[in-house]
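Asks: Please find model-v3.pdb (PDB, C-alpha atoms, pLDDT in the B column) on the next line:
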```
ATOM      1  CA  MET A   1      33.833 -34.815 -10.564  1.00 74.00           C
ATOM      2  CA  ARG A   2      32.835 -34.403  -6.956  1.00 85.00           C
ATOM      3  CA  LEU A   3      31.505 -31.057  -5.725  1.00 84.00           C
ATOM      4  CA  ASN A   4      32.092 -29.923  -2.176  1.00 90.00           C
ATOM      5  CA  PRO A   5      28.704 -29.822  -0.333  1.00 89.00           C
ATOM      6  CA  TYR A   6      29.395 -26.283   0.916  1.00 93.00           C
ATOM      7  CA  VAL A   7      30.105 -25.024  -2.585  1.00 92.00           C
ATOM      8  CA  TYR A   8      26.969 -26.766  -3.831  1.00 91.00           C
ATOM      9  CA  GLY A   9      24.892 -25.119  -1.078  1.00 93.00           C
ATOM     10  CA  VAL A  10      26.282 -21.678  -1.892  1.00 94.00           C
ATOM     11  CA  LEU A  11      25.602 -22.171  -5.617  1.00 93.00           C
ATOM     12  CA  VAL A  12      22.001 -23.271  -4.992  1.00 93.00           C
ATOM     13  CA  LEU A  13      21.408 -20.312  -2.666  1.00 93.00           C
ATOM     14  CA  ALA A  14      22.991 -17.864  -5.125  1.00 94.00           C
ATOM     15  CA  LEU A  15      20.894 -19.229  -7.988  1.00 93.00           C
ATOM     16  CA  PHE A  16      17.689 -19.001  -5.939  1.00 92.00           C
ATOM     17  CA  LEU A  17      18.280 -15.476  -4.622  1.00 90.00           C
ATOM     18  CA  GLY A  18      19.745 -14.351  -7.936  1.00 90.00           C
ATOM     19  CA  SER A  19      16.617 -15.373  -9.834  1.00 90.00           C
ATOM     20  CA  ILE A  20      14.462 -13.405  -7.371  1.00 85.00           C
ATOM     21  CA  GLY A  21      16.741 -10.370  -7.717  1.00 86.00           C
ATOM     22  CA  VAL A  22      16.611 -10.502 -11.507  1.00 87.00           C
ATOM     23  CA  ALA A  23      12.808 -10.842 -11.474  1.00 82.00           C
ATOM     24  CA  GLN A  24      12.441  -7.845  -9.149  1.00 75.00           C
ATOM     25  CA  SER A  25      14.836  -5.759 -11.241  1.00 80.00           C
ATOM     26  CA  ALA A  26      12.930  -6.590 -14.411  1.00 78.00           C
ATOM     27  CA  GLY A  27       9.602  -5.709 -12.759  1.00 70.00           C
ATOM     28  CA  TRP A  28       8.234  -9.245 -12.953  1.00 73.00           C
ATOM     29  CA  TRP A  29       8.088  -9.673  -9.181  1.00 70.00           C
ATOM     30  CA  SER A  30       6.505  -7.348  -6.658  1.00 62.00           C
ATOM     31  CA  THR A  31       5.706  -8.289  -3.095  1.00 62.00           C
ATOM     32  CA  SER A  32       4.637  -4.906  -1.752  1.00 61.00           C
ATOM     33  CA  GLY A  33       1.359  -4.524  -3.600  1.00 63.00           C
ATOM     34  CA  LYS A  34       2.231  -0.855  -4.074  1.00 71.00           C
ATOM     35  CA  VAL A  35       3.162  -1.143  -7.754  1.00 68.00           C
ATOM     36  CA  THR A  36       1.872  -3.129 -10.681  1.00 65.00           C
ATOM     37  CA  ALA A  37       4.037  -5.497 -12.697  1.00 64.00           C
ATOM     38  CA  SER A  38       4.728  -2.628 -15.099  1.00 68.00           C
ATOM     39  CA  GLY A  39       5.936  -0.410 -12.251  1.00 67.00           C
ATOM     40  CA  GLU A  40       2.887   1.870 -12.047  1.00 70.00           C
ATOM     41  CA  ARG A  41       1.851   3.006  -8.580  1.00 70.00           C
ATOM     42  CA  VAL A  42      -1.314   1.362  -7.263  1.00 70.00           C
ATOM     43  CA  ALA A  43      -3.924   3.891  -6.145  1.00 72.00           C
ATOM     44  CA  PRO A  44      -7.576   3.599  -5.183  1.00 75.00           C
ATOM     45  CA  THR A  45     -10.014   3.920  -8.067  1.00 75.00           C
ATOM     46  CA  GLY A  46     -12.978   5.153  -6.054  1.00 79.00           C
ATOM     47  CA  ALA A  47     -15.086   2.179  -7.113  1.00 81.00           C
ATOM     48  CA  ASN A  48     -14.727   0.048  -3.984  1.00 85.00           C
ATOM     49  CA  VAL A  49     -13.702   1.223  -0.501  1.00 88.00           C
ATOM     50  CA  ASP A  50     -12.265  -2.210   0.258  1.00 88.00           C
ATOM     51  CA  GLU A  51      -9.321  -1.371  -2.019  1.00 87.00           C
ATOM     52  CA  ILE A  52      -8.108   1.251   0.476  1.00 90.00           C
ATOM     53  CA  LYS A  53      -4.906   0.073   2.177  1.00 89.00           C
ATOM     54  CA  GLY A  54      -2.951   1.476   5.116  1.00 89.00           C
ATOM     55  CA  TRP A  55       0.062   2.442   2.996  1.00 87.00           C
ATOM     56  CA  MET A  56      -2.070   4.785   0.866  1.00 88.00           C
ATOM     57  CA  THR A  57      -2.137   8.496   1.643  1.00 91.00           C
ATOM     58  CA  LEU A  58      -4.968  10.815   2.574  1.00 93.00           C
ATOM     59  CA  GLY A  59      -4.420  12.491  -0.786  1.00 92.00           C
ATOM     60  CA  ASP A  60      -4.948   9.196  -2.629  1.00 90.00           C
ATOM     61  CA  VAL A  61      -8.249   8.619  -0.850  1.00 93.00           C
ATOM     62  CA  SER A  62      -9.340  12.230  -1.215  1.00 93.00           C
ATOM     63  CA  LYS A  63      -8.754  12.225  -4.956  1.00 92.00           C
ATOM     64  CA  ALA A  64     -10.355   8.834  -5.601  1.00 91.00           C
ATOM     65  CA  TYR A  65     -13.489   9.359  -3.505  1.00 91.00           C
ATOM     66  CA  GLY A  66     -14.050  13.077  -4.078  1.00 92.00           C
ATOM     67  CA  VAL A  67     -13.832  14.080  -0.436  1.00 93.00           C
ATOM     68  CA  SER A  68     -11.505  16.779   0.846  1.00 94.00           C
ATOM     69  CA  VAL A  69      -8.611  16.020   3.150  1.00 94.00           C
ATOM     70  CA  GLU A  70     -10.029  18.653   5.505  1.00 94.00           C
ATOM     71  CA  ALA A  71     -13.327  16.740   5.713  1.00 94.00           C
ATOM     72  CA  ILE A  72     -11.487  13.549   6.681  1.00 94.00           C
ATOM     73  CA  VAL A  73      -9.335  15.411   9.225  1.00 94.00           C
ATOM     74  CA  THR A  74     -12.436  17.004  10.771  1.00 94.00           C
ATOM     75  CA  GLU A  75     -14.541  13.830  10.776  1.00 94.00           C
ATOM     76  CA  PHE A  76     -11.891  11.728  12.497  1.00 94.00           C
ATOM     77  CA  LYS A  77     -10.505  14.488  14.745  1.00 94.00           C
ATOM     78  CA  LEU A  78      -7.021  14.172  13.295  1.00 94.00           C
ATOM     79  CA  PRO A  79      -4.345  16.781  14.124  1.00 93.00           C
ATOM     80  CA  ALA A  80      -4.913  20.062  12.266  1.00 90.00           C
ATOM     81  CA  ASP A  81      -1.454  19.885  10.674  1.00 93.00           C
ATOM     82  CA  THR A  82      -2.204  16.544   8.971  1.00 93.00           C
ATOM     83  CA  THR A  83      -1.228  16.768   5.294  1.00 93.00           C
ATOM     84  CA  SER A  84      -2.462  14.939   2.224  1.00 92.00           C
ATOM     85  CA  ALA A  85       0.874  13.061   2.121  1.00 92.00           C
ATOM     86  CA  ALA A  86       0.184  11.331   5.455  1.00 93.00           C
ATOM     87  CA  GLN A  87      -0.101   7.553   5.173  1.00 92.00           C
ATOM     88  CA  LEU A  88      -3.270   6.108   6.626  1.00 93.00           C
ATOM     89  CA  LYS A  89      -1.411   3.563   8.763  1.00 93.00           C
ATOM     90  CA  ASN A  90       0.514   6.371  10.467  1.00 94.00           C
ATOM     91  CA  LEU A  91      -2.724   8.106  11.481  1.00 94.00           C
ATOM     92  CA  GLU A  92      -4.156   5.126  13.417  1.00 93.00           C
ATOM     93  CA  SER A  93      -5.538   6.289  16.751  1.00 91.00           C
ATOM     94  CA  SER A  94      -8.568   5.891  18.975  1.00 93.00           C
ATOM     95  CA  THR A  95     -10.521   8.148  16.581  1.00 92.00           C
ATOM     96  CA  PHE A  96      -9.182   6.924  13.221  1.00 94.00           C
ATOM     97  CA  SER A  97      -8.617   3.596  11.524  1.00 94.00           C
ATOM     98  CA  VAL A  98      -8.622   2.418   7.922  1.00 93.00           C
ATOM     99  CA  THR A  99     -11.715   0.350   8.699  1.00 94.00           C
ATOM    100  CA  ALA A 100     -13.527   3.389  10.112  1.00 95.00           C
ATOM    101  CA  LEU A 101     -12.543   5.402   7.032  1.00 95.00           C
ATOM    102  CA  ARG A 102     -13.922   2.686   4.752  1.00 93.00           C
ATOM    103  CA  ASP A 103     -17.192   2.589   6.726  1.00 94.00           C
ATOM    104  CA  TRP A 104     -17.500   6.383   6.635  1.00 94.00           C
ATOM    105  CA  LEU A 105     -16.923   6.486   2.877  1.00 93.00           C
ATOM    106  CA  ARG A 106     -19.492   3.690   2.411  1.00 91.00           C
ATOM    107  CA  GLN A 107     -22.084   5.695   4.356  1.00 91.00           C
ATOM    108  CA  ARG A 108     -21.348   8.840   2.330  1.00 85.00           C
ATOM    109  CA  SER A 109     -21.905   7.010  -0.950  1.00 77.00           C
ATOM    110  CA  GLY A 110     -25.309   5.751   0.137  1.00 67.00           C
ATOM    111  CA  PRO A 111     -26.877   2.314  -0.291  1.00 60.00           C
TER
END
```
Please express the file's structure as structure tokens.

Replies:
Amino acid sequence: MRLNPYVYGVLVLALFLGSIGVAQSAGWWSTSGKVTASGERVAPTGANVDEIKGWMTLGDVSKAYGVSVEAIVTEFKLPADTTSAAQLKNLESSTFSVTALRDWLRQRSGP
């Protein structure tokens, strides 16, 4: 039995993409880094500032590191209407960056 090369190509592609789709649906595959394999949301623990990522929110950081959102807003001269739901990456400006936030939190925790 001879298989048409186009049909073979489509079958290989469908098998490849289908296996990825099944793995993502089952929770075995995550490429975002925002959820664990079990589907739980990844959030900072407060143990290491290097775990802070741009997709996290001010509220996540505030809760994990015991610093108020207002203190962060004031320190980095962010707009007064900035909420705890704001993602860090969306706040990037000349006065704020994720790196600067990490450094500031490191200084607050001491040596």

Asks: Using all atoms listed in the file, which protein or nucleic acid residues come within 10 Å of Val73 of chain A? Drop anything in the same chain fewer than 6 positions from it, and give the result as a VMD selection string.

Replies: chain A and resid 58 79 to 84 96

Asks: For the atom pair atom CA of Phe76 of chain A and atom CA of Ala43 of chain A, what is the interatomic distance in Å to one decimal place?

Replies: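 Atom CA of Ala43 of chain A lies at a distance of 21.7 Å from atom CA of Phe76 of chain A.
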
Asks: Which value, in Å to one decimal, gives the distance between atom CA of Tyr65 of chain A and atom CA of Thr45 of chain A?

Replies: 7.9 Å

Asks: Convert the output of the PyMOL selection byres ((chain A and resi 47) around 12) on the shown file into explicit residues, formatted as a PDB file with C-alpha atoms, keeping the file's coordinate frame.

Replies:
```
ATOM      1  CA  ALA A  43      -3.924   3.891  -6.145  1.00 72.00           C
ATOM      2  CA  PRO A  44      -7.576   3.599  -5.183  1.00 75.00           C
ATOM      3  CA  THR A  45     -10.014   3.920  -8.067  1.00 75.00           C
ATOM      4  CA  GLY A  46     -12.978   5.153  -6.054  1.00 79.00           C
ATOM      5  CA  ASN A  48     -14.727   0.048  -3.984  1.00 85.00           C
ATOM      6  CA  VAL A  49     -13.702   1.223  -0.501  1.00 88.00           C
ATOM      7  CA  ASP A  50     -12.265  -2.210   0.258  1.00 88.00           C
ATOM      8  CA  GLU A  51      -9.321  -1.371  -2.019  1.00 87.00           C
ATOM      9  CA  ILE A  52      -8.108   1.251   0.476  1.00 90.00           C
ATOM     10  CA  VAL A  61      -8.249   8.619  -0.850  1.00 93.00           C
ATOM     11  CA  ALA A  64     -10.355   8.834  -5.601  1.00 91.00           C
ATOM     12  CA  TYR A  65     -13.489   9.359  -3.505  1.00 91.00           C
ATOM     13  CA  GLY A  66     -14.050  13.077  -4.078  1.00 92.00           C
ATOM     14  CA  ARG A 102     -13.922   2.686   4.752  1.00 93.00           C
ATOM     15  CA  LEU A 105     -16.923   6.486   2.877  1.00 93.00           C
ATOM     16  CA  ARG A 106     -19.492   3.690   2.411  1.00 91.00           C
ATOM     17  CA  SER A 109     -21.905   7.010  -0.950  1.00 77.00           C
TER      18      SER A 109
END
```

Asks: Build an axis-aligned box that encloses every atom of segment 68-80 of chain A listed in the file, pad it by 3 Å on each side, and report its centre and edge lengths in Å to one decimal, as JSON.

Replies:
```
{"center_x": -9.4, "center_y": 15.9, "center_z": 7.8, "size_x": 16.2, "size_y": 14.3, "size_z": 19.9}
```

Asks: In Å, with one decimal, what is the gap from atom CA of Ile72 of chain A to atom CA of Gly54 of chain A?

Replies: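 If I compute the distance from atom CA of Ile72 of chain A to atom CA of Gly54 of chain A, I get 14.9 Å.
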
Asks: I'd like the contact shell of Glu75 of chain A - 12 Å cut-off, all atoms listed in the file, skipping same-chain residues fewer than 4 positions apart - returned as a list in words.

Replies: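 My reading of the contact set: Val67, Ser68, Val69, Glu70, Ala71, Pro79, Ala80, Thr95, Phe96, Ser97, Ala100, Leu101, Trp104, Leu105 and Arg108 of chain A.
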
Asks: Skipping near chain neighbours, those fewer than 3 positions away, what residues fall within 9 Å of Met56 of chain A using all atoms listed in the file, listed as a list in words?

Replies: Lys34, Val42, Ala43, Pro44, Ile52, Lys53, Gly59, Asp60, Val61, Ala85, Ala86, Gln87, Leu88 and Lys89 of chain A
